[in-house]
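S.K.: Dropping the structure in here first, questions after.
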Amino acid sequence: MERKALYAGSFDPVTNGHLNIIERAAAMYDSLTVAVVVNPQKTGFFSVDERVRIIQEVTEHLPNVHADRFSGLLADYVNENGFTAVVRGLRDTADFLNEFQMAQMNALLYTEGTETVFLMTDPACSFISSSLVKEVASLGGDVSRLVHPLVAAKIKEKVR
């Protein structure tokens with residue numbers, strides 16, 4: 001049986017912390033889908049299409065990684081696509097408390113055999129969040145150590 005994993009989030013923008021989780025999860029599973037959650041009530045820094053393209057570009061060195069998008073209930077997307085694992089990244093205990101509750105609820109909604117897998121973010125990336133990257137960039141700060149060079153260039157274009 002193919003081990004298909006999903007890593008879902010807003011990825012607005014995808015950070016070095018996200019990439020750390022993506023690279024590690026890609027090594028653990030036969031295939032990894034990185035899916036951008038579409039939230040019509042939120043206006044993103046990057047559009048959903050831009051985020052999907054950026055993820056494709058920064059993960060092109062990982063042949064088993066695919067970028068996608070979805071809207072609606074995570075469990076529906078998981079069940080419809082036959083994922084065996086849902087990967088969640090944890091930076092700190094606050095992330096754990098939120099993710100644990102969500103994982104418990106999703107466990108009731110997933111088809112049998114789907115597991116939530118928590119990966120701790122590399123300590124060097126533990127303070128990075130998409131919100132923080134956007135804030136620093138919008139105030140003219142250098143985000144090049146927080147995101148992939150391609151992402152830094154795209155952020156710089158947006159901020160102009």
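How things are named: the first chain in the structure tokens is A, the next is B, and so on; residues count from 1 in each chain; ligands count from 1 in the order shown.
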DSSP on the backbone: what in chain A comes out strand (DSSP E or B), as a PyMOL selection string?
M.R.: chain A and resi 4-9+31-37+65-70+85-90+115-120
S.K.: Identify which of the residues A:Gln104, A:Asn98, A:Thr121, A:Ser10 lies closest to Arg51 in chain A, counting only C-alpha atoms when measuring atom-to-atom distances.
M.R.: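 Comparing A:Gln104, A:Asn98, A:Thr121, A:Ser10 against Arg51 in chain A, the winner is A:Ser10.
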S.K.: Select, from A:Gly44, A:Gly9, A:Pro123, A:Gly17, the residue with the minimum atom-to-atom distance to Arg145 in chain A, counting only C-alpha atoms.
M.R.: A:Gly17
S.K.: To one decimal place, how far is CA of Lys42 in chain A from CA of Ala107 in chain A in Å?
M.R.: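 Going from CA of Lys42 in chain A over to CA of Ala107 in chain A, I get 26.5 Å.
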S.K.: Do a neighbour search on Gly72 in chain A at 12 Å with only C-alpha atoms, toss out local chain neighbours closer than 2 positions, and write the hits as an mmCIF file with C-alpha atoms, in the first residue's frame.
M.R.:
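Now in selection-v3.cif:
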```cif
data_model
loop_
_atom_site.group_PDB
_atom_site.id
_atom_site.type_symbol
_atom_site.label_atom_id
_atom_site.label_comp_id
_atom_site.auth_asym_id
_atom_site.auth_seq_id
_atom_site.Cartn_x
_atom_site.Cartn_y
_atom_site.Cartn_z
ATOM 1 C CA VAL A 36 -3.129 25.197 0.327
ATOM 2 C CA VAL A 37 -6.368 25.631 2.240
ATOM 3 C CA VAL A 38 -8.729 27.985 0.410
ATOM 4 C CA ASN A 39 -10.490 30.291 2.839
ATOM 5 C CA PRO A 40 -12.809 32.632 0.905
ATOM 6 C CA ARG A 69 -5.421 23.309 -3.099
ATOM 7 C CA PHE A 70 -8.680 22.480 -1.382
ATOM 8 C CA LEU A 74 -9.920 18.749 5.837
ATOM 9 C CA ALA A 75 -11.308 15.292 6.620
ATOM 10 C CA ASP A 76 -13.330 15.281 3.396
ATOM 11 C CA TYR A 77 -10.232 16.097 1.340
ATOM 12 C CA VAL A 78 -8.244 13.444 3.212
#
```
S.K.: Which residues are close to range 79-91 of chain A, i.e. within 6 Å by only C-alpha atoms, leaving aside same-chain residues fewer than 5 positions away? Reply as a PyMOL selection string.
M.R.: chain A and resi 3-7+114-121+126
S.K.: Restricting the calculation to only C-alpha atoms, which member of A:Ile21, A:Ala26, A:Ala153, A:Val48 is positioned closest to Glu60 in chain A?
M.R.: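 Counting only C-alpha atoms, the residue closest to Glu60 in chain A is A:Ala26.
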S.K.: Check the smallest atom-to-atom distance from each of A:Ser47, A:Ile22, A:Ser131, A:Gly113 to Met1 in chain A using only C-alpha atoms, then report the winner.
M.R.: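 So, comparing all the options, the nearest one is A:Gly113.
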S.K.: Give me, please, the distance in Å between CA of Val58 in chain A and CA of Phe96 in chain A, quoted to one decimal.
M.R.: 26.5 Å
S.K.: Report, in Å to a single decimal, how far apart CA of Asp142 in chain A and CA of Ile155 in chain A are.
M.R.: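 Computing it gives 10.2 Å between the two atoms.
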S.K.: Identify, on the basis of only C-alpha atoms, every residue whose closest approach to Ala124 in chain A does not exceed 10 Å; exclude the query and any residue fewer than 6 positions from it along the same chain; express the result as a PyMOL selection string.
M.R.: chain A and resi 16-17+20+146
S.K.: May I ask which of the residues A:Asp30, A:Glu23, A:Asp12, A:Glu112 is the closest one to Phe46 in chain A, counting only C-alpha atoms?
M.R.: A:Asp12
S.K.: Residues within 8 Å of Val147 in chain A, please, as a CSV table (one decimal) with C-alpha atoms, in the first residue's frame. Count only C-alpha atoms; anything in the same chain fewer than 5 positions from it doesn't count.
M.R.:
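Below is the file part_17.csv, written as the result:
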```csv
chain,number,residue,atom,x,y,z
A,14,VAL,CA,5.6,29.2,2.7
A,15,THR,CA,8.5,29.6,5.2
A,16,ASN,CA,11.8,27.8,6.0
A,152,ALA,CA,12.0,36.3,-0.6
```
S.K.: Run DSSP on the backbone of this structure and report the residues of range 57-122 of chain A it assigns to alpha helix (DSSP H), as an MDAnalysis selection string.
M.R.: chainID A and resid 57:58 74:81 93:109
S.K.: Selected residues, C-alpha atoms, written as a short mmCIF file (atom, residue, chain, number, x, y, z; two decimals), in the first residue's frame, please.
M.R.:
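File produced: selection36.cif:
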```
data_model
loop_
_atom_site.label_atom_id
_atom_site.label_comp_id
_atom_site.auth_asym_id
_atom_site.auth_seq_id
_atom_site.Cartn_x
_atom_site.Cartn_y
_atom_site.Cartn_z
CA GLU A 57 8.84 25.76 -7.42
CA VAL A 58 10.51 25.51 -4.00
CA LEU A 74 -9.92 18.75 5.84
CA ALA A 75 -11.31 15.29 6.62
CA ASP A 76 -13.33 15.28 3.40
CA TYR A 77 -10.23 16.10 1.34
CA VAL A 78 -8.24 13.44 3.21
CA ASN A 79 -10.89 10.76 2.74
CA GLU A 80 -11.57 11.60 -0.92
CA ASN A 81 -7.85 11.34 -1.76
CA THR A 93 3.40 23.88 23.14
CA ALA A 94 0.77 26.35 21.93
CA ASP A 95 0.86 24.68 18.51
CA PHE A 96 0.59 21.29 20.20
CA LEU A 97 -2.53 22.24 22.18
CA ASN A 98 -4.30 23.53 19.05
CA GLU A 99 -3.15 20.70 16.82
CA PHE A 100 -3.93 17.99 19.38
CA GLN A 101 -7.56 19.06 19.66
CA MET A 102 -7.92 19.26 15.88
CA ALA A 103 -6.26 15.83 15.44
CA GLN A 104 -8.65 14.25 17.93
CA MET A 105 -11.68 15.67 16.11
CA ASN A 106 -10.33 14.66 12.71
CA ALA A 107 -9.64 11.14 13.96
CA LEU A 108 -13.41 10.74 14.26
CA LEU A 109 -13.93 12.01 10.71
#
```
S.K.: Nearest to Leu19 in chain A among A:Tyr110, A:Leu73, A:Gln56, A:Gly140, with distances taken over only C-alpha atoms: which residue is it?
M.R.: A:Gln56
